[in-house]
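**Q** So I've got this file, data30.txt, and it contains compact mmCIF, N, CA and C atoms:
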# COMPACT_ATOMS: atom_id res chain seq x y z
N MET A 1 0.87 -1.17 0.00
CA MET A 1 0.00 0.00 0.00
C MET A 1 0.91 1.23 0.00
N ASP A 2 0.70 2.13 -0.95
CA ASP A 2 1.58 3.29 -1.03
C ASP A 2 1.18 4.37 -0.02
N GLN A 3 2.07 5.33 0.16
CA GLN A 3 1.88 6.38 1.16
C GLN A 3 0.64 7.23 0.89
N HIS A 4 0.34 7.50 -0.37
CA HIS A 4 -0.85 8.30 -0.69
C HIS A 4 -2.11 7.62 -0.15
N ILE A 5 -2.24 6.34 -0.42
CA ILE A 5 -3.42 5.59 0.04
C ILE A 5 -3.47 5.58 1.56
N ARG A 6 -2.35 5.32 2.20
CA ARG A 6 -2.31 5.33 3.67
C ARG A 6 -2.73 6.68 4.23
N LYS A 7 -2.21 7.74 3.63
CA LYS A 7 -2.51 9.09 4.12
C LYS A 7 -3.99 9.43 3.96
N VAL A 8 -4.58 9.02 2.84
CA VAL A 8 -5.97 9.35 2.55
C VAL A 8 -6.95 8.47 3.33
N TYR A 9 -6.60 7.19 3.54
CA TYR A 9 -7.57 6.25 4.10
C TYR A 9 -7.28 5.79 5.53
N ALA A 10 -6.21 6.27 6.15
CA ALA A 10 -5.92 5.83 7.51
C ALA A 10 -5.63 7.04 8.39
N PRO A 11 -6.44 7.37 9.38
CA PRO A 11 -7.72 6.73 9.66
C PRO A 11 -8.77 7.14 8.64
N MET A 12 -9.77 6.34 8.55
CA MET A 12 -10.80 6.48 7.52
C MET A 12 -11.97 7.31 8.03
N THR A 13 -12.58 8.06 7.11
CA THR A 13 -13.81 8.77 7.48
C THR A 13 -14.93 7.74 7.63
N GLU A 14 -15.97 8.14 8.33
CA GLU A 14 -17.13 7.27 8.51
C GLU A 14 -17.75 6.93 7.15
N THR A 15 -17.83 7.91 6.27
CA THR A 15 -18.39 7.68 4.94
C THR A 15 -17.59 6.64 4.18
N ALA A 16 -16.28 6.81 4.14
CA ALA A 16 -15.42 5.86 3.42
C ALA A 16 -15.54 4.47 4.04
N PHE A 17 -15.56 4.39 5.35
CA PHE A 17 -15.67 3.10 6.03
C PHE A 17 -16.94 2.36 5.61
N TYR A 18 -18.05 3.04 5.68
CA TYR A 18 -19.32 2.38 5.34
C TYR A 18 -19.39 2.01 3.86
N ILE A 19 -18.86 2.85 2.99
CA ILE A 19 -18.87 2.51 1.57
C ILE A 19 -18.06 1.24 1.33
N LEU A 20 -16.85 1.20 1.86
CA LEU A 20 -16.01 0.00 1.66
C LEU A 20 -16.64 -1.22 2.31
N LEU A 21 -17.18 -1.07 3.48
CA LEU A 21 -17.83 -2.19 4.16
C LEU A 21 -18.98 -2.74 3.32
N CYS A 22 -19.76 -1.85 2.74
CA CYS A 22 -20.90 -2.27 1.92
C CYS A 22 -20.47 -2.88 0.59
N LEU A 23 -19.26 -2.56 0.14
CA LEU A 23 -18.81 -3.09 -1.15
C LEU A 23 -18.03 -4.40 -1.02
N LYS A 24 -18.14 -5.05 0.13
CA LYS A 24 -17.60 -6.40 0.24
C LYS A 24 -18.35 -7.31 -0.73
N GLU A 25 -19.58 -6.91 -1.03
CA GLU A 25 -20.40 -7.54 -2.06
C GLU A 25 -20.70 -6.47 -3.10
N PRO A 26 -20.70 -6.79 -4.38
CA PRO A 26 -20.98 -5.77 -5.40
C PRO A 26 -22.30 -5.04 -5.12
N ASN A 27 -22.28 -3.73 -5.31
CA ASN A 27 -23.46 -2.92 -5.02
C ASN A 27 -23.36 -1.61 -5.80
N HIS A 28 -24.47 -0.88 -5.85
CA HIS A 28 -24.51 0.42 -6.50
C HIS A 28 -24.72 1.49 -5.43
N GLY A 29 -24.54 2.76 -5.83
CA GLY A 29 -24.60 3.86 -4.88
C GLY A 29 -25.86 3.90 -4.04
N TYR A 30 -27.01 3.80 -4.69
CA TYR A 30 -28.26 3.86 -3.94
C TYR A 30 -28.39 2.67 -3.00
N GLY A 31 -27.92 1.51 -3.44
CA GLY A 31 -27.95 0.32 -2.58
C GLY A 31 -27.08 0.51 -1.34
N ILE A 32 -25.95 1.18 -1.50
CA ILE A 32 -25.07 1.47 -0.37
C ILE A 32 -25.76 2.41 0.60
N VAL A 33 -26.39 3.46 0.07
CA VAL A 33 -27.11 4.42 0.91
C VAL A 33 -28.15 3.69 1.76
N GLN A 34 -28.92 2.83 1.14
CA GLN A 34 -29.97 2.08 1.86
C GLN A 34 -29.37 1.15 2.90
N LYS A 35 -28.30 0.45 2.53
CA LYS A 35 -27.69 -0.51 3.45
C LYS A 35 -27.11 0.20 4.67
N VAL A 36 -26.46 1.34 4.45
CA VAL A 36 -25.89 2.09 5.57
C VAL A 36 -26.99 2.58 6.50
N GLU A 37 -28.07 3.08 5.95
CA GLU A 37 -29.19 3.52 6.80
C GLU A 37 -29.73 2.35 7.63
N ASN A 38 -29.85 1.18 7.01
CA ASN A 38 -30.34 0.00 7.74
C ASN A 38 -29.35 -0.44 8.81
N MET A 39 -28.07 -0.48 8.46
CA MET A 39 -27.03 -0.92 9.40
C MET A 39 -26.95 -0.01 10.63
N THR A 40 -27.19 1.28 10.42
CA THR A 40 -27.01 2.25 11.51
C THR A 40 -28.34 2.70 12.11
N ASP A 41 -29.40 2.00 11.80
CA ASP A 41 -30.74 2.36 12.28
C ASP A 41 -31.06 3.82 11.98
N GLY A 42 -30.66 4.27 10.79
CA GLY A 42 -30.97 5.61 10.33
C GLY A 42 -30.08 6.71 10.88
N GLU A 43 -29.08 6.36 11.70
CA GLU A 43 -28.21 7.37 12.28
C GLU A 43 -27.22 7.95 11.27
N VAL A 44 -26.86 7.17 10.27
CA VAL A 44 -25.94 7.65 9.24
C VAL A 44 -26.68 7.64 7.92
N LYS A 45 -26.76 8.81 7.31
CA LYS A 45 -27.42 8.95 6.01
C LYS A 45 -26.42 9.58 5.05
N LEU A 46 -26.07 8.84 4.02
CA LEU A 46 -25.11 9.34 3.04
C LEU A 46 -25.85 10.15 1.98
N ALA A 47 -25.46 11.39 1.82
CA ALA A 47 -26.07 12.26 0.81
C ALA A 47 -25.56 11.85 -0.57
N PRO A 48 -26.39 11.98 -1.61
CA PRO A 48 -25.99 11.58 -2.96
C PRO A 48 -24.67 12.21 -3.42
N GLY A 49 -24.48 13.50 -3.17
CA GLY A 49 -23.25 14.16 -3.60
C GLY A 49 -22.03 13.57 -2.92
N THR A 50 -22.15 13.31 -1.64
CA THR A 50 -21.05 12.70 -0.88
C THR A 50 -20.79 11.29 -1.39
N MET A 51 -21.86 10.54 -1.58
CA MET A 51 -21.74 9.15 -2.04
C MET A 51 -21.04 9.05 -3.38
N TYR A 52 -21.55 9.77 -4.37
CA TYR A 52 -21.02 9.63 -5.72
C TYR A 52 -19.64 10.27 -5.86
N GLY A 53 -19.37 11.33 -5.10
CA GLY A 53 -18.03 11.90 -5.08
C GLY A 53 -17.04 10.93 -4.48
N SER A 54 -17.44 10.25 -3.41
CA SER A 54 -16.57 9.26 -2.76
C SER A 54 -16.33 8.07 -3.67
N LEU A 55 -17.37 7.58 -4.33
CA LEU A 55 -17.21 6.44 -5.24
C LEU A 55 -16.22 6.79 -6.36
N SER A 56 -16.34 7.99 -6.91
CA SER A 56 -15.46 8.42 -7.98
C SER A 56 -14.01 8.48 -7.50
N LYS A 57 -13.80 9.06 -6.33
CA LYS A 57 -12.45 9.17 -5.78
C LYS A 57 -11.88 7.80 -5.46
N MET A 58 -12.69 6.93 -4.87
CA MET A 58 -12.23 5.59 -4.51
C MET A 58 -11.87 4.77 -5.75
N GLU A 59 -12.64 4.95 -6.80
CA GLU A 59 -12.33 4.24 -8.05
C GLU A 59 -11.01 4.75 -8.61
N LYS A 60 -10.82 6.05 -8.59
CA LYS A 60 -9.57 6.65 -9.08
C LYS A 60 -8.38 6.16 -8.25
N ASP A 61 -8.57 6.02 -6.94
CA ASP A 61 -7.50 5.55 -6.05
C ASP A 61 -7.27 4.04 -6.14
N GLY A 62 -8.17 3.33 -6.82
CA GLY A 62 -7.99 1.89 -7.00
C GLY A 62 -8.44 1.03 -5.85
N VAL A 63 -9.25 1.58 -4.93
CA VAL A 63 -9.74 0.76 -3.83
C VAL A 63 -11.08 0.08 -4.16
N ILE A 64 -11.77 0.61 -5.16
CA ILE A 64 -12.97 -0.06 -5.69
C ILE A 64 -12.86 -0.07 -7.21
N ARG A 65 -13.68 -0.90 -7.84
CA ARG A 65 -13.71 -0.92 -9.31
C ARG A 65 -15.14 -1.07 -9.78
N PHE A 66 -15.37 -0.48 -10.96
CA PHE A 66 -16.65 -0.61 -11.65
C PHE A 66 -16.72 -2.03 -12.19
N VAL A 67 -17.85 -2.71 -11.96
CA VAL A 67 -18.00 -4.09 -12.40
C VAL A 67 -18.90 -4.18 -13.63
N ARG A 68 -20.07 -3.54 -13.53
CA ARG A 68 -21.04 -3.61 -14.63
C ARG A 68 -22.13 -2.57 -14.37
N GLU A 69 -23.02 -2.44 -15.32
CA GLU A 69 -24.16 -1.56 -15.16
C GLU A 69 -25.43 -2.40 -15.20
N GLU A 70 -26.32 -2.12 -14.27
CA GLU A 70 -27.62 -2.79 -14.21
C GLU A 70 -28.70 -1.73 -14.05
N ASN A 71 -29.67 -1.72 -14.96
CA ASN A 71 -30.77 -0.75 -14.88
C ASN A 71 -30.26 0.68 -14.68
N LYS A 72 -29.25 1.05 -15.45
CA LYS A 72 -28.65 2.39 -15.42
C LYS A 72 -27.94 2.70 -14.11
N ARG A 73 -27.63 1.68 -13.32
CA ARG A 73 -26.90 1.87 -12.06
C ARG A 73 -25.54 1.19 -12.18
N LYS A 74 -24.50 1.93 -11.79
CA LYS A 74 -23.14 1.39 -11.82
C LYS A 74 -22.91 0.52 -10.59
N ILE A 75 -22.47 -0.70 -10.84
CA ILE A 75 -22.18 -1.64 -9.76
C ILE A 75 -20.67 -1.62 -9.51
N TYR A 76 -20.29 -1.49 -8.23
CA TYR A 76 -18.89 -1.46 -7.83
C TYR A 76 -18.60 -2.60 -6.87
N GLU A 77 -17.31 -2.92 -6.74
CA GLU A 77 -16.86 -3.88 -5.74
C GLU A 77 -15.47 -3.47 -5.26
N LEU A 78 -15.06 -4.05 -4.13
CA LEU A 78 -13.72 -3.79 -3.60
C LEU A 78 -12.66 -4.42 -4.49
N THR A 79 -11.52 -3.77 -4.57
CA THR A 79 -10.35 -4.38 -5.20
C THR A 79 -9.54 -5.03 -4.08
N GLU A 80 -8.44 -5.68 -4.43
CA GLU A 80 -7.57 -6.24 -3.38
C GLU A 80 -7.05 -5.13 -2.48
N LEU A 81 -6.70 -3.99 -3.09
CA LEU A 81 -6.24 -2.85 -2.30
C LEU A 81 -7.34 -2.37 -1.36
N GLY A 82 -8.57 -2.32 -1.85
CA GLY A 82 -9.70 -1.92 -1.01
C GLY A 82 -9.90 -2.86 0.16
N GLU A 83 -9.75 -4.15 -0.08
CA GLU A 83 -9.87 -5.13 1.01
C GLU A 83 -8.77 -4.92 2.04
N GLU A 84 -7.57 -4.61 1.56
CA GLU A 84 -6.44 -4.35 2.47
C GLU A 84 -6.69 -3.10 3.31
N VAL A 85 -7.17 -2.03 2.67
CA VAL A 85 -7.47 -0.78 3.36
C VAL A 85 -8.57 -0.99 4.40
N LEU A 86 -9.63 -1.70 4.03
CA LEU A 86 -10.73 -1.97 4.97
C LEU A 86 -10.24 -2.82 6.13
N SER A 87 -9.44 -3.81 5.86
CA SER A 87 -8.90 -4.68 6.91
C SER A 87 -8.04 -3.87 7.89
N LEU A 88 -7.23 -2.98 7.37
CA LEU A 88 -6.40 -2.13 8.21
C LEU A 88 -7.26 -1.27 9.12
N GLU A 89 -8.34 -0.71 8.57
CA GLU A 89 -9.23 0.13 9.37
C GLU A 89 -10.00 -0.69 10.40
N LEU A 90 -10.42 -1.88 10.04
CA LEU A 90 -11.13 -2.73 11.01
C LEU A 90 -10.22 -3.09 12.18
N ARG A 91 -8.96 -3.37 11.90
CA ARG A 91 -8.00 -3.66 12.98
C ARG A 91 -7.82 -2.43 13.88
N ARG A 92 -7.77 -1.25 13.27
CA ARG A 92 -7.63 -0.02 14.05
C ARG A 92 -8.84 0.19 14.96
N ILE A 93 -10.04 -0.01 14.42
CA ILE A 93 -11.26 0.15 15.21
C ILE A 93 -11.32 -0.88 16.34
N GLU A 94 -10.95 -2.12 16.03
CA GLU A 94 -10.94 -3.16 17.07
C GLU A 94 -9.96 -2.82 18.18
N ARG A 95 -8.79 -2.28 17.82
CA ARG A 95 -7.81 -1.87 18.83
C ARG A 95 -8.38 -0.75 19.69
N LEU A 96 -9.01 0.24 19.06
CA LEU A 96 -9.62 1.34 19.82
C LEU A 96 -10.68 0.82 20.79
N TYR A 97 -11.49 -0.08 20.31
CA TYR A 97 -12.55 -0.64 21.16
C TYR A 97 -11.94 -1.42 22.33
N ARG A 98 -10.97 -2.27 22.02
CA ARG A 98 -10.31 -3.08 23.05
C ARG A 98 -9.66 -2.18 24.10
N ASN A 99 -8.94 -1.15 23.65
CA ASN A 99 -8.28 -0.24 24.58
C ASN A 99 -9.31 0.51 25.43
N SER A 100 -10.40 0.92 24.85
CA SER A 100 -11.42 1.64 25.63
C SER A 100 -12.05 0.74 26.67
N ARG A 101 -12.26 -0.53 26.32
CA ARG A 101 -12.83 -1.49 27.28
C ARG A 101 -11.85 -1.76 28.43
N GLU A 102 -10.56 -1.87 28.07
CA GLU A 102 -9.54 -2.09 29.11
C GLU A 102 -9.47 -0.92 30.08
N GLU A 103 -9.51 0.29 29.54
CA GLU A 103 -9.46 1.48 30.38
C GLU A 103 -10.72 1.63 31.23
N ALA A 104 -11.87 1.29 30.65
CA ALA A 104 -13.13 1.37 31.40
C ALA A 104 -13.09 0.40 32.59
N GLY A 105 -12.44 -0.75 32.38
CA GLY A 105 -12.32 -1.73 33.45
C GLY A 105 -11.37 -1.33 34.55
N ASN A 106 -10.48 -0.38 34.26
CA ASN A 106 -9.50 0.08 35.24
C ASN A 106 -10.02 1.21 36.10
N GLU A 107 -11.21 1.68 35.85
CA GLU A 107 -11.74 2.82 36.61
C GLU A 107 -12.44 2.36 37.86
Let me see the structure of the file written as structure tokens.
**A**
Amino acid sequence: MDQHIRKVYAPMTETAFYILLCLKEPNHGYGIVQKVENMTDGEVKLAPGTMYGSLSKMEKDGVIRFVREENKRKIYELTELGEEVLSLELRRIERLYRNSREEAGNE
């Protein structure tokens, strides 16, 4: 993973995290928006401009790729680099959670 990708994606924004998490399976922008709302019980709502701007940037960075078009919707999926970036972020979040639980237990 090159320095540019590390700098841009570590730590990851909430938007980027949810997009990559949702693209573990091929999906389109609107499908991602719906899935994120369901996953977060409506607490996180991705705006169309944010969503499509992020998808474009992520595709340019090589963390996702366009797979096909269905009913005028572009379907994307993670690349190997995207899986690596998501895995790195998941480990970071798990470490944060573990450390917070350890500290909470010390109080």
**Q** Just give me the gap between CA of Leu81 (chain A) and CA of Asn99 (chain A) in Å, one decimal is fine.
**A**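 Calculated distance between CA of Leu81 (chain A) and CA of Asn99 (chain A) is 27.1 Å.
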**Q** Which of chain A counts as strand (DSSP E) under DSSP, as a list of chain:residue names please?
**A**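 Assigned to strand (DSSP E), within chain A: A:Ile64, A:Arg65, A:Phe66, A:Val67, A:Arg68, A:Glu69, A:Glu70, A:Arg73, A:Lys74, A:Ile75, A:Tyr76, A:Glu77, A:Leu78.
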**Q** One number please: atom N of Pro48 (chain A) to atom N of Tyr97 (chain A), in Å, one decimal.
**A**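 These two atoms are separated by 29.1 Å.
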**Q** Compile the contact shell of Ile64 (chain A) as a ChimeraX atom specification: residues with an atom at most 7 Å away, counting all atoms listed in the file, same-chain residues fewer than 3 positions apart removed.
**A** /A:58-61,76-79,81-82
**Q** Take the selection from the previous step and output its residues with N, CA and C atoms, as an mmCIF file, in the coordinates of the input.
**A**
data_model
loop_
_atom_site.group_PDB
_atom_site.id
_atom_site.type_symbol
_atom_site.label_atom_id
_atom_site.label_comp_id
_atom_site.auth_asym_id
_atom_site.auth_seq_id
_atom_site.Cartn_x
_atom_site.Cartn_y
_atom_site.Cartn_z
ATOM 1 N N MET A 58 -12.690 6.930 -4.870
ATOM 2 C CA MET A 58 -12.230 5.590 -4.510
ATOM 3 C C MET A 58 -11.870 4.770 -5.750
ATOM 4 N N GLU A 59 -12.640 4.950 -6.800
ATOM 5 C CA GLU A 59 -12.330 4.240 -8.050
ATOM 6 C C GLU A 59 -11.010 4.750 -8.610
ATOM 7 N N LYS A 60 -10.820 6.050 -8.590
ATOM 8 C CA LYS A 60 -9.570 6.650 -9.080
ATOM 9 C C LYS A 60 -8.380 6.160 -8.250
ATOM 10 N N ASP A 61 -8.570 6.020 -6.940
ATOM 11 C CA ASP A 61 -7.500 5.550 -6.050
ATOM 12 C C ASP A 61 -7.270 4.040 -6.140
ATOM 13 N N TYR A 76 -20.290 -1.490 -8.230
ATOM 14 C CA TYR A 76 -18.890 -1.460 -7.830
ATOM 15 C C TYR A 76 -18.600 -2.600 -6.870
ATOM 16 N N GLU A 77 -17.310 -2.920 -6.740
ATOM 17 C CA GLU A 77 -16.860 -3.880 -5.740
ATOM 18 C C GLU A 77 -15.470 -3.470 -5.260
ATOM 19 N N LEU A 78 -15.060 -4.050 -4.130
ATOM 20 C CA LEU A 78 -13.720 -3.790 -3.600
ATOM 21 C C LEU A 78 -12.660 -4.420 -4.490
ATOM 22 N N THR A 79 -11.520 -3.770 -4.570
ATOM 23 C CA THR A 79 -10.350 -4.380 -5.200
ATOM 24 C C THR A 79 -9.540 -5.030 -4.080
ATOM 25 N N LEU A 81 -6.700 -3.990 -3.090
ATOM 26 C CA LEU A 81 -6.240 -2.850 -2.300
ATOM 27 C C LEU A 81 -7.340 -2.370 -1.360
ATOM 28 N N GLY A 82 -8.570 -2.320 -1.850
ATOM 29 C CA GLY A 82 -9.700 -1.920 -1.010
ATOM 30 C C GLY A 82 -9.900 -2.860 0.160
#
**Q** Please return the centre and edge lengths, in Å to one decimal, of a box with edges along x, y and z that contains all listed atoms of region 23-37 of chain A, widened by 6 Å on every side, as lines of an AutoDock Vina configuration file.
**A**
center_x = -23.8
center_y = -1.6
center_z = 0.6
size_x = 24.4
size_y = 24.0
size_z = 26.1
**Q** Mind giving me the straight-line distance from CA of Arg98 (chain A) to CA of Gln3 (chain A) in Å, one decimal?
**A** 26.8 Å
**Q** Out of A:Leu21, A:Val85, A:Thr50, A:Val33, which residue has the shortest atom-to-atom distance to Tyr9 (chain A) when counting all atoms listed in the file?
**A**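 Of A:Leu21, A:Val85, A:Thr50, A:Val33, the one nearest Tyr9 (chain A), counting all atoms listed in the file, is A:Val85.
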**Q** Taking only N, CA and C atoms into account, which of A:Ser54, A:Val63, A:Ile93, A:Arg73 comes nearest Tyr30 (chain A)?
**A**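 Answer, going by the shortest atom-to-atom distance: A:Arg73.
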**Q** Near Lys45 (chain A), within 8 Å and counting all atoms listed in the file, which residues show up once chain neighbours fewer than 3 positions away are dropped, as a compact mmCIF listing (two decimals) with N, CA and C atoms, in the coordinates of the input?
**A**
# COMPACT_ATOMS: atom_id res chain seq x y z
N VAL A 33 -26.39 3.46 0.07
CA VAL A 33 -27.11 4.42 0.91
C VAL A 33 -28.15 3.69 1.76
N GLN A 34 -28.92 2.83 1.14
CA GLN A 34 -29.97 2.08 1.86
C GLN A 34 -29.37 1.15 2.90
N VAL A 36 -26.46 1.34 4.45
CA VAL A 36 -25.89 2.09 5.57
C VAL A 36 -26.99 2.58 6.50
N GLU A 37 -28.07 3.08 5.95
CA GLU A 37 -29.19 3.52 6.80
C GLU A 37 -29.73 2.35 7.63
N THR A 40 -27.19 1.28 10.42
CA THR A 40 -27.01 2.25 11.51
C THR A 40 -28.34 2.70 12.11
N GLY A 42 -30.66 4.27 10.79
CA GLY A 42 -30.97 5.61 10.33
C GLY A 42 -30.08 6.71 10.88
N PRO A 48 -26.39 11.98 -1.61
CA PRO A 48 -25.99 11.58 -2.96
C PRO A 48 -24.67 12.21 -3.42
